[in-house]
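A short write-up of the structure that comes next.
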Amino acid sequence: MHHAFCLNRTSAVTRREALRSLSAGFGYLAFQSLAAAATPSLASKQPHFAPKAKRVIFLCMRGGPSHLDTFDYKPRLIADAGKLSRYAGSQLMPSLWEFKQRGQSGLWISEAFPNVAQHADDLCLLRGMTCDQPSHAQAFVQMHTGVSQFVRPSMGAWSLYGLGTENQDLPGYITINPPTANGGAQNYGSAFLPAAYQGTKLAISDSSQRSRSIDIKRRGEPNKDGLNHIRNELLSRDQQREQIDFINALNREKLARDVNAPLVEGAIESYELAFRMQDAVPGAMDLSTESPQTLAQYGINEDPTDGFGRQCLLARRFAEAGVRFIELGHGSWDQHANIKTALGENCAQTDKPIAGLLADLKQRDLLKDTLVIWGGEFGRTSYSPDGNGRDHNHKGYTLWMAGGGVKGGFSHGETDEHGYEAITGKVHIHDWHATVLHLLGFDHEKLTYRFGGRNMRLTDLYGNVVKEIVS
């Protein structure tokens, strides 16, 4: 059940008659008490212990970015270039980008991310990541929900379920430009958790795409940018309030009868949140209030950084406003061929905006309690069938985190000399999820929800906190 922003039009006479009928059925005072009943499930909550992070910004690079060309330096791969890989009948391919040691910590980062490399001392590199599947859809869903076989709540939904939100006028979980494939809405859904915990989807394009959207809108078609139906052109604010009160009174009457009805509770809160969002969202998304220096820092109004720069700046604004979990989507990073051009373009689009986000959060004293995550569903192989691209690799890859209680300028785990398989410091997806929840103040084994006869959790029956990376 997604948040709705426009309610169906009904006549004033019909609404008044319905309200009189409802009042006659169980009394006006009862109607008033039902309309005010139920504490919102999105109210701010206390975690199990003192958290190091209050919020998460997940920079999701869909398609499996190559760790070997970005954050996992392998000099032996350079030396063995052209030799046949022992894992496949293809030649080993070294990185096409030069690596250098960065910052006081000396982390090895490639020239593909020159701006992010300037923040090396804030980065915590997880170079021994592993997951269970080498196929996009399954690995992407597992990255978001912990499992690939069943529909389960997303990491963002679990985070919001545990923490609640600090801003009752905005969604507690926002996902910008999520993919329609690879599981689609399952990656930001709430599954068996109440619907109030699912992600709210935003669409953000770059400047050239926005100009095309305006042209489409002039032809009478909807503008795809931002949130749909954020303005109600049929009813005034007072009329909407009257209509929502009536609908929610009916819903609460059903809730009083059924006692346990998560979908009804979700509907009530969705209507209320949608009503409040009509005032809050336009202001939160208005980048015209930002200084020219800030816009330039994120690469906004520049090519090719405008699109992802807007996502990153919105993430900072949402984080500042109290949104608990913000996911930004970019991709595809699925470079089986033409990797020099394709990966280079992806890095050029995202490098300056990500560096701008880290610098902005730090300048505003937000990075210390904001967990920033960068990564995709898996990595790439050290060999190449044609010397022009890399295949899928789920046995060893890199993901990095910054702020929010992780050690900066730190590298944990490693892959073998050719970067194919994690050999030390392995971090499975379940371990990563357990660690993210730990940084938010939760024991992953105790953050549960009763469903299907057992207590369900994000990490299923697995997961160990990677304590070595916690500051």
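By order in the structure tokens, chains are A, B, ...; within a chain, residues start at 1; ligands start at 1, following the order shown.
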Please build the interface table for segment 316-390 of chain A against segment 158-172 of chain A with a cut-off of 6 Å, listing for each qualifying residue the nearest atom pair and the distance in Å to one decimal; count only C-alpha atoms, order rows by chain and increasing number, and write it as a tab-separated table.
```
residue	atom	partner	partner_atom	distance
A:Gly322	CA	A:Glu166	CA	4.8
A:Val323	CA	A:Gly172	CA	4.7
A:Arg324	CA	A:Gly172	CA	5.2
```
Export N, CA and C atoms of the chosen residues as a compact mmCIF listing (two decimals), in the first residue's frame?
```txt
# COMPACT_ATOMS: atom_id res chain seq x y z
N GLY A 322 15.15 14.85 9.48
CA GLY A 322 14.75 13.78 10.38
C GLY A 322 14.33 12.48 9.71
N VAL A 323 14.51 12.36 8.38
CA VAL A 323 14.19 11.10 7.70
C VAL A 323 15.24 10.06 8.13
N ARG A 324 14.78 8.87 8.47
CA ARG A 324 15.66 7.85 9.04
C ARG A 324 16.49 7.09 8.01
```
For Ser148 of chain A, please output as a CSV table (one decimal) with C-alpha atoms, in the first residue's frame all residues within 8 Å (counting only C-alpha atoms; exclusion window: fewer than 4 positions along the same chain).
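Wrote it out as around-v6.csv, contents follow:
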```csv
chain,number,residue,atom,x,y,z
A,138,GLN,CA,18.5,-12.5,-6.5
A,139,ALA,CA,21.6,-10.7,-5.2
A,141,VAL,CA,16.9,-8.5,-3.4
A,142,GLN,CA,19.2,-10.2,-0.9
```
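Take atom CA of Ile174 of chain A and atom CA of Glu468 of chain A: the distance between them is 29.7 Å.
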For Gly106 of chain A, which residue out of A:Ser411, A:Thr459, A:Gln311, A:Gln46 is the nearest one, using only C-alpha atoms?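 Among the listed residues, A:Ser411 lies closest to Gly106 of chain A.
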Non-local contacts of Phe451 of chain A (10 Å; only C-alpha atoms; under 4 positions in same chain excluded) as a PyMOL selection string: chain A and resi 192-193+455-457
Could you please take those selected residues and save C-alpha atoms as a PDB file, in the first residue's frame?
```
ATOM      1  CA  PHE A 192       4.614  -8.436   6.603  1.00  0.00           C
ATOM      2  CA  LEU A 193       5.538  -5.316   8.597  1.00  0.00           C
ATOM      3  CA  ASN A 455       9.738 -14.174  15.293  1.00  0.00           C
ATOM      4  CA  MET A 456      11.101 -12.879  11.991  1.00  0.00           C
ATOM      5  CA  ARG A 457      14.152 -10.649  11.638  1.00  0.00           C
TER       6      ARG A 457
END
```
Contacts of Leu263 of chain A within 12 Å, only C-alpha atoms, excl. fewer than 5 positions in-chain, as an NGL selection string: :A and (1-2 or 190-197 or 251-252 or 254-255 or 258 or 268-270)
Output file for the selection above: C-alpha atoms, as an mmCIF file, in the first residue's frame:
```
data_model
loop_
_atom_site.group_PDB
_atom_site.id
_atom_site.type_symbol
_atom_site.label_atom_id
_atom_site.label_comp_id
_atom_site.auth_asym_id
_atom_site.auth_seq_id
_atom_site.Cartn_x
_atom_site.Cartn_y
_atom_site.Cartn_z
ATOM 1 C CA MET A 1 0.000 0.000 0.000
ATOM 2 C CA HIS A 2 1.740 3.172 -1.181
ATOM 3 C CA SER A 190 7.517 -3.603 4.142
ATOM 4 C CA ALA A 191 6.238 -7.148 3.378
ATOM 5 C CA PHE A 192 4.614 -8.436 6.603
ATOM 6 C CA LEU A 193 5.538 -5.316 8.597
ATOM 7 C CA PRO A 194 2.788 -2.662 8.741
ATOM 8 C CA ALA A 195 2.536 -0.684 5.513
ATOM 9 C CA ALA A 196 3.618 2.519 7.272
ATOM 10 C CA TYR A 197 7.205 1.226 7.235
ATOM 11 C CA ASN A 251 -11.183 2.540 9.247
ATOM 12 C CA ARG A 252 -10.874 2.929 13.019
ATOM 13 C CA LYS A 254 -13.126 -1.614 11.577
ATOM 14 C CA LEU A 255 -9.891 -1.591 13.573
ATOM 15 C CA ASP A 258 -10.874 -6.575 14.251
ATOM 16 C CA ILE A 268 -4.941 5.307 8.457
ATOM 17 C CA GLU A 269 -1.360 6.460 8.842
ATOM 18 C CA SER A 270 -0.811 6.676 5.081
#
```
Distance query Asn301 of chain A at most 12 Å, only C-alpha atoms, self and fewer than 5 positions along chain excluded, as an mmCIF file with N, CA and C atoms, in the first residue's frame:
```
data_model
loop_
_atom_site.group_PDB
_atom_site.id
_atom_site.type_symbol
_atom_site.label_atom_id
_atom_site.label_comp_id
_atom_site.auth_asym_id
_atom_site.auth_seq_id
_atom_site.Cartn_x
_atom_site.Cartn_y
_atom_site.Cartn_z
ATOM 1 N N SER A 205 15.332 13.416 -11.976
ATOM 2 C CA SER A 205 16.091 13.339 -13.218
ATOM 3 C C SER A 205 17.143 14.434 -13.238
ATOM 4 N N ASP A 206 18.025 14.383 -14.263
ATOM 5 C CA ASP A 206 18.985 15.470 -14.403
ATOM 6 C C ASP A 206 18.359 16.619 -15.171
ATOM 7 N N SER A 207 19.110 17.706 -15.369
ATOM 8 C CA SER A 207 18.546 18.926 -15.938
ATOM 9 C C SER A 207 18.002 18.714 -17.342
ATOM 10 N N SER A 208 18.681 17.938 -18.182
ATOM 11 C CA SER A 208 18.199 17.712 -19.545
ATOM 12 C C SER A 208 16.919 16.900 -19.545
ATOM 13 N N ARG A 210 14.743 16.837 -17.103
ATOM 14 C CA ARG A 210 13.664 17.662 -16.563
ATOM 15 C C ARG A 210 13.073 18.568 -17.635
ATOM 16 N N LEU A 287 15.380 23.133 -3.933
ATOM 17 C CA LEU A 287 16.821 23.364 -3.882
ATOM 18 C C LEU A 287 17.181 24.822 -4.156
ATOM 19 N N SER A 288 16.197 25.654 -4.495
ATOM 20 C CA SER A 288 16.485 27.065 -4.770
ATOM 21 C C SER A 288 16.939 27.814 -3.524
ATOM 22 N N PRO A 292 24.688 29.071 -4.226
ATOM 23 C CA PRO A 292 25.394 28.635 -5.449
ATOM 24 C C PRO A 292 26.620 27.793 -5.129
ATOM 25 N N GLN A 293 27.284 28.087 -4.013
ATOM 26 C CA GLN A 293 28.463 27.308 -3.627
ATOM 27 C C GLN A 293 28.094 25.864 -3.305
ATOM 28 N N THR A 294 26.961 25.692 -2.595
ATOM 29 C CA THR A 294 26.521 24.337 -2.260
ATOM 30 C C THR A 294 26.116 23.569 -3.512
ATOM 31 N N LEU A 295 25.390 24.209 -4.412
ATOM 32 C CA LEU A 295 24.985 23.548 -5.658
ATOM 33 C C LEU A 295 26.212 23.110 -6.448
ATOM 34 N N ALA A 296 27.220 23.983 -6.501
ATOM 35 C CA ALA A 296 28.446 23.645 -7.229
ATOM 36 C C ALA A 296 29.200 22.509 -6.547
ATOM 37 N N ASP A 306 24.755 16.467 -12.665
ATOM 38 C CA ASP A 306 23.537 17.127 -12.196
ATOM 39 C C ASP A 306 22.541 16.164 -11.561
ATOM 40 N N GLY A 307 22.246 15.057 -12.241
ATOM 41 C CA GLY A 307 21.218 14.140 -11.758
ATOM 42 C C GLY A 307 21.530 13.545 -10.400
ATOM 43 N N PHE A 308 22.711 12.922 -10.265
ATOM 44 C CA PHE A 308 23.045 12.306 -8.987
ATOM 45 C C PHE A 308 23.379 13.366 -7.940
ATOM 46 N N GLY A 309 23.854 14.521 -8.397
ATOM 47 C CA GLY A 309 24.090 15.616 -7.460
ATOM 48 C C GLY A 309 22.820 16.054 -6.768
ATOM 49 N N ARG A 310 21.721 16.118 -7.520
ATOM 50 C CA ARG A 310 20.427 16.481 -6.920
ATOM 51 C C ARG A 310 19.983 15.418 -5.917
ATOM 52 N N PRO A 353 29.365 14.340 -6.741
ATOM 53 C CA PRO A 353 28.221 14.422 -5.827
ATOM 54 C C PRO A 353 28.444 13.687 -4.505
#
```
Run DSSP on the backbone and tell me which residues of segment 59-149 of chain A come out as strand (DSSP E); list them as a ChimeraX atom specification. /A:59-61,91-92,99-102,107-110,123-130
Store the residues of this selection in a file with N, CA and C atoms, as a PDB file, in the first residue's frame.
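The result, stored in result.pdb:
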```pdb
ATOM      1  N   LEU A  59      23.900   4.741  -0.787  1.00  0.00           N
ATOM      2  CA  LEU A  59      24.192   5.057  -2.181  1.00  0.00           C
ATOM      3  C   LEU A  59      24.262   3.736  -2.936  1.00  0.00           C
ATOM      4  N   CYS A  60      23.164   3.341  -3.537  1.00  0.00           N
ATOM      5  CA  CYS A  60      23.032   2.010  -4.124  1.00  0.00           C
ATOM      6  C   CYS A  60      23.426   2.038  -5.605  1.00  0.00           C
ATOM      7  N   MET A  61      24.533   1.367  -5.923  1.00  0.00           N
ATOM      8  CA  MET A  61      25.057   1.323  -7.286  1.00  0.00           C
ATOM      9  C   MET A  61      24.612   0.023  -7.950  1.00  0.00           C
ATOM     10  N   GLN A  91      41.420 -14.730 -19.908  1.00  0.00           N
ATOM     11  CA  GLN A  91      42.636 -14.059 -19.495  1.00  0.00           C
ATOM     12  C   GLN A  91      42.381 -13.088 -18.342  1.00  0.00           C
ATOM     13  N   LEU A  92      43.372 -13.001 -17.450  1.00  0.00           N
ATOM     14  CA  LEU A  92      43.310 -12.033 -16.361  1.00  0.00           C
ATOM     15  C   LEU A  92      43.449 -10.620 -16.935  1.00  0.00           C
ATOM     16  N   PHE A  99      45.912   3.111  -9.380  1.00  0.00           N
ATOM     17  CA  PHE A  99      45.618   3.203  -7.954  1.00  0.00           C
ATOM     18  C   PHE A  99      46.712   4.013  -7.252  1.00  0.00           C
ATOM     19  N   LYS A 100      46.304   4.758  -6.245  1.00  0.00           N
ATOM     20  CA  LYS A 100      47.250   5.488  -5.401  1.00  0.00           C
ATOM     21  C   LYS A 100      46.810   5.384  -3.947  1.00  0.00           C
ATOM     22  N   GLN A 101      47.764   5.542  -3.053  1.00  0.00           N
ATOM     23  CA  GLN A 101      47.422   5.610  -1.640  1.00  0.00           C
ATOM     24  C   GLN A 101      46.920   7.011  -1.319  1.00  0.00           C
ATOM     25  N   ARG A 102      45.837   7.066  -0.556  1.00  0.00           N
ATOM     26  CA  ARG A 102      45.164   8.352  -0.330  1.00  0.00           C
ATOM     27  C   ARG A 102      45.088   8.672   1.165  1.00  0.00           C
ATOM     28  N   LEU A 107      44.864   4.528   2.265  1.00  0.00           N
ATOM     29  CA  LEU A 107      43.979   3.584   1.568  1.00  0.00           C
ATOM     30  C   LEU A 107      44.217   3.651   0.063  1.00  0.00           C
ATOM     31  N   TRP A 108      44.254   2.476  -0.566  1.00  0.00           N
ATOM     32  CA  TRP A 108      44.423   2.418  -2.019  1.00  0.00           C
ATOM     33  C   TRP A 108      43.074   2.639  -2.700  1.00  0.00           C
ATOM     34  N   ILE A 109      42.987   3.713  -3.480  1.00  0.00           N
ATOM     35  CA  ILE A 109      41.753   4.050  -4.215  1.00  0.00           C
ATOM     36  C   ILE A 109      42.163   4.461  -5.626  1.00  0.00           C
ATOM     37  N   SER A 110      41.382   4.057  -6.615  1.00  0.00           N
ATOM     38  CA  SER A 110      41.768   4.310  -7.999  1.00  0.00           C
ATOM     39  C   SER A 110      41.440   5.737  -8.426  1.00  0.00           C
ATOM     40  N   LEU A 123      36.563   6.912   5.104  1.00  0.00           N
ATOM     41  CA  LEU A 123      35.991   5.693   4.535  1.00  0.00           C
ATOM     42  C   LEU A 123      36.416   4.452   5.308  1.00  0.00           C
ATOM     43  N   CYS A 124      35.482   3.529   5.446  1.00  0.00           N
ATOM     44  CA  CYS A 124      35.751   2.201   5.997  1.00  0.00           C
ATOM     45  C   CYS A 124      35.451   1.203   4.880  1.00  0.00           C
ATOM     46  N   LEU A 125      36.495   0.628   4.311  1.00  0.00           N
ATOM     47  CA  LEU A 125      36.354  -0.283   3.174  1.00  0.00           C
ATOM     48  C   LEU A 125      36.150  -1.708   3.660  1.00  0.00           C
ATOM     49  N   LEU A 126      35.065  -2.324   3.229  1.00  0.00           N
ATOM     50  CA  LEU A 126      34.818  -3.744   3.490  1.00  0.00           C
ATOM     51  C   LEU A 126      35.208  -4.502   2.226  1.00  0.00           C
ATOM     52  N   ARG A 127      36.434  -5.039   2.212  1.00  0.00           N
ATOM     53  CA  ARG A 127      36.975  -5.631   0.993  1.00  0.00           C
ATOM     54  C   ARG A 127      36.787  -7.135   0.943  1.00  0.00           C
ATOM     55  N   GLY A 128      36.039  -7.688   1.893  1.00  0.00           N
ATOM     56  CA  GLY A 128      35.784  -9.128   1.893  1.00  0.00           C
ATOM     57  C   GLY A 128      34.309  -9.456   1.835  1.00  0.00           C
ATOM     58  N   MET A 129      33.525  -8.611   1.146  1.00  0.00           N
ATOM     59  CA  MET A 129      32.078  -8.838   1.054  1.00  0.00           C
ATOM     60  C   MET A 129      31.765 -10.078   0.225  1.00  0.00           C
ATOM     61  N   THR A 130      30.708 -10.795   0.640  1.00  0.00           N
ATOM     62  CA  THR A 130      30.211 -11.942  -0.125  1.00  0.00           C
ATOM     63  C   THR A 130      28.687 -11.982  -0.048  1.00  0.00           C
TER      64      THR A 130
END
```
Pick the closest to Thr370 of chain A from A:Pro51, A:Pro65, A:Pro75, A:Gly329: which is it, counting only C-alpha atoms?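 Residue with the minimum atom-to-atom distance to Thr370 of chain A: A:Pro51.
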Going by DSSP on the backbone, which bits of segment 190-439 of chain A are helix (DSSP H, G or I)? Write them as an mmCIF file with C-alpha atoms, in the first residue's frame, please.
```cif
data_model
loop_
_atom_site.group_PDB
_atom_site.id
_atom_site.type_symbol
_atom_site.label_atom_id
_atom_site.label_comp_id
_atom_site.auth_asym_id
_atom_site.auth_seq_id
_atom_site.Cartn_x
_atom_site.Cartn_y
_atom_site.Cartn_z
ATOM 1 C CA ALA A 195 2.536 -0.684 5.513
ATOM 2 C CA ALA A 196 3.618 2.519 7.272
ATOM 3 C CA TYR A 197 7.205 1.226 7.235
ATOM 4 C CA SER A 207 18.546 18.926 -15.938
ATOM 5 C CA SER A 208 18.199 17.712 -19.545
ATOM 6 C CA GLN A 209 15.610 15.100 -18.564
ATOM 7 C CA ARG A 210 13.664 17.662 -16.563
ATOM 8 C CA SER A 211 13.368 19.952 -19.574
ATOM 9 C CA ARG A 212 11.952 17.059 -21.571
ATOM 10 C CA SER A 213 9.524 16.296 -18.721
ATOM 11 C CA ILE A 214 8.207 19.851 -18.876
ATOM 12 C CA ASP A 215 7.595 19.479 -22.606
ATOM 13 C CA ILE A 216 5.664 16.253 -21.956
ATOM 14 C CA LYS A 217 3.609 17.958 -19.258
ATOM 15 C CA ARG A 218 2.596 20.693 -21.708
ATOM 16 C CA ARG A 237 -7.491 21.679 2.290
ATOM 17 C CA ASP A 238 -10.543 21.860 4.581
ATOM 18 C CA GLN A 239 -12.493 19.542 2.310
ATOM 19 C CA GLN A 240 -9.616 17.041 2.242
ATOM 20 C CA ARG A 241 -9.408 17.177 6.041
ATOM 21 C CA GLU A 242 -13.131 16.460 6.330
ATOM 22 C CA GLN A 243 -12.912 13.600 3.870
ATOM 23 C CA ILE A 244 -9.876 12.017 5.542
ATOM 24 C CA ASP A 245 -11.510 12.290 8.980
ATOM 25 C CA PHE A 246 -14.546 10.457 7.640
ATOM 26 C CA ILE A 247 -12.523 7.697 5.928
ATOM 27 C CA ASN A 248 -10.267 7.214 8.934
ATOM 28 C CA ALA A 249 -13.257 7.087 11.276
ATOM 29 C CA LEU A 250 -14.605 4.183 9.208
ATOM 30 C CA ASN A 251 -11.183 2.540 9.247
ATOM 31 C CA ARG A 252 -10.874 2.929 13.019
ATOM 32 C CA GLU A 253 -14.332 1.449 13.494
ATOM 33 C CA LYS A 254 -13.126 -1.614 11.577
ATOM 34 C CA LEU A 255 -9.891 -1.591 13.573
ATOM 35 C CA ALA A 256 -11.890 -1.554 16.830
ATOM 36 C CA ARG A 257 -13.818 -4.619 15.631
ATOM 37 C CA ASP A 258 -10.874 -6.575 14.251
ATOM 38 C CA PRO A 262 -2.032 -4.015 10.202
ATOM 39 C CA LEU A 263 -3.288 -3.082 6.739
ATOM 40 C CA VAL A 264 -6.006 -0.891 8.214
ATOM 41 C CA GLU A 265 -3.516 0.743 10.579
ATOM 42 C CA GLY A 266 -1.237 1.361 7.606
ATOM 43 C CA ALA A 267 -4.075 2.921 5.616
ATOM 44 C CA ILE A 268 -4.941 5.307 8.457
ATOM 45 C CA GLU A 269 -1.360 6.460 8.842
ATOM 46 C CA SER A 270 -0.811 6.676 5.081
ATOM 47 C CA TYR A 271 -3.746 9.050 4.651
ATOM 48 C CA GLU A 272 -2.620 11.219 7.546
ATOM 49 C CA LEU A 273 0.993 11.327 6.390
ATOM 50 C CA ALA A 274 -0.021 12.045 2.804
ATOM 51 C CA PHE A 275 -2.125 14.975 3.997
ATOM 52 C CA ARG A 276 0.770 16.461 5.962
ATOM 53 C CA MET A 277 3.263 15.808 3.164
ATOM 54 C CA GLN A 278 1.412 18.174 0.852
ATOM 55 C CA ASP A 279 2.807 21.028 2.937
ATOM 56 C CA ALA A 280 6.185 19.552 3.904
ATOM 57 C CA VAL A 281 7.483 17.904 0.721
ATOM 58 C CA PRO A 282 7.636 20.927 -1.628
ATOM 59 C CA GLY A 283 9.770 22.821 0.872
ATOM 60 C CA ALA A 284 12.062 19.869 1.547
ATOM 61 C CA LEU A 287 16.821 23.364 -3.882
ATOM 62 C CA SER A 288 16.485 27.065 -4.770
ATOM 63 C CA THR A 289 17.130 27.881 -1.101
ATOM 64 C CA PRO A 292 25.394 28.635 -5.449
ATOM 65 C CA GLN A 293 28.463 27.308 -3.627
ATOM 66 C CA THR A 294 26.521 24.337 -2.260
ATOM 67 C CA LEU A 295 24.985 23.548 -5.658
ATOM 68 C CA ALA A 296 28.446 23.645 -7.229
ATOM 69 C CA GLN A 297 29.832 21.412 -4.474
ATOM 70 C CA ASP A 306 23.537 17.127 -12.196
ATOM 71 C CA GLY A 307 21.218 14.140 -11.758
ATOM 72 C CA PHE A 308 23.045 12.306 -8.987
ATOM 73 C CA GLY A 309 24.090 15.616 -7.460
ATOM 74 C CA ARG A 310 20.427 16.481 -6.920
ATOM 75 C CA GLN A 311 19.847 13.093 -5.307
ATOM 76 C CA CYS A 312 22.761 13.601 -2.929
ATOM 77 C CA LEU A 313 21.716 17.113 -1.942
ATOM 78 C CA LEU A 314 18.151 15.937 -1.338
ATOM 79 C CA ALA A 315 19.564 13.148 0.830
ATOM 80 C CA ARG A 316 21.330 15.714 2.997
ATOM 81 C CA ARG A 317 18.157 17.817 3.249
ATOM 82 C CA PHE A 318 16.030 14.787 4.158
ATOM 83 C CA ALA A 319 18.600 13.623 6.707
ATOM 84 C CA GLU A 320 18.660 17.082 8.249
ATOM 85 C CA ILE A 339 34.128 -1.139 -19.247
ATOM 86 C CA LYS A 340 36.630 1.691 -19.831
ATOM 87 C CA THR A 341 33.923 3.996 -21.154
ATOM 88 C CA ALA A 342 30.898 2.731 -19.204
ATOM 89 C CA LEU A 343 32.469 2.513 -15.748
ATOM 90 C CA GLY A 344 34.283 5.770 -16.384
ATOM 91 C CA GLU A 345 30.984 7.500 -17.141
ATOM 92 C CA ASN A 346 29.337 6.065 -14.022
ATOM 93 C CA CYS A 347 32.191 7.256 -11.823
ATOM 94 C CA ALA A 348 32.168 10.694 -13.452
ATOM 95 C CA GLN A 349 28.428 11.022 -12.751
ATOM 96 C CA THR A 350 28.707 10.058 -9.076
ATOM 97 C CA ASP A 351 32.209 10.962 -7.821
ATOM 98 C CA LYS A 352 31.770 14.705 -7.282
ATOM 99 C CA PRO A 353 28.221 14.422 -5.827
ATOM 100 C CA ILE A 354 29.290 11.748 -3.313
ATOM 101 C CA ALA A 355 32.319 13.781 -2.254
ATOM 102 C CA GLY A 356 30.064 16.830 -1.968
ATOM 103 C CA LEU A 357 27.658 14.903 0.249
ATOM 104 C CA LEU A 358 30.426 13.692 2.574
ATOM 105 C CA ALA A 359 31.903 17.190 2.838
ATOM 106 C CA ASP A 360 28.502 18.801 3.426
ATOM 107 C CA LEU A 361 27.509 16.304 6.123
ATOM 108 C CA LYS A 362 30.854 16.815 7.814
ATOM 109 C CA GLN A 363 30.618 20.601 7.663
ATOM 110 C CA LEU A 367 28.445 12.774 9.384
ATOM 111 C CA LYS A 368 29.247 11.597 12.908
ATOM 112 C CA ASP A 369 25.725 10.187 13.339
ATOM 113 C CA ILE A 429 25.181 -9.863 3.640
ATOM 114 C CA HIS A 430 23.727 -11.122 6.948
ATOM 115 C CA ASP A 431 26.820 -9.871 8.795
ATOM 116 C CA TRP A 432 26.558 -6.500 7.059
ATOM 117 C CA HIS A 433 22.869 -6.175 7.996
ATOM 118 C CA ALA A 434 23.644 -7.128 11.598
ATOM 119 C CA THR A 435 26.349 -4.454 11.671
ATOM 120 C CA VAL A 436 24.137 -1.721 10.212
ATOM 121 C CA LEU A 437 21.449 -2.480 12.817
ATOM 122 C CA HIS A 438 24.104 -2.514 15.551
ATOM 123 C CA LEU A 439 25.256 0.965 14.529
#
```
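Here atom CA of Trp333 of chain A stands at a distance of 17.7 Å from atom CA of Asn187 of chain A.
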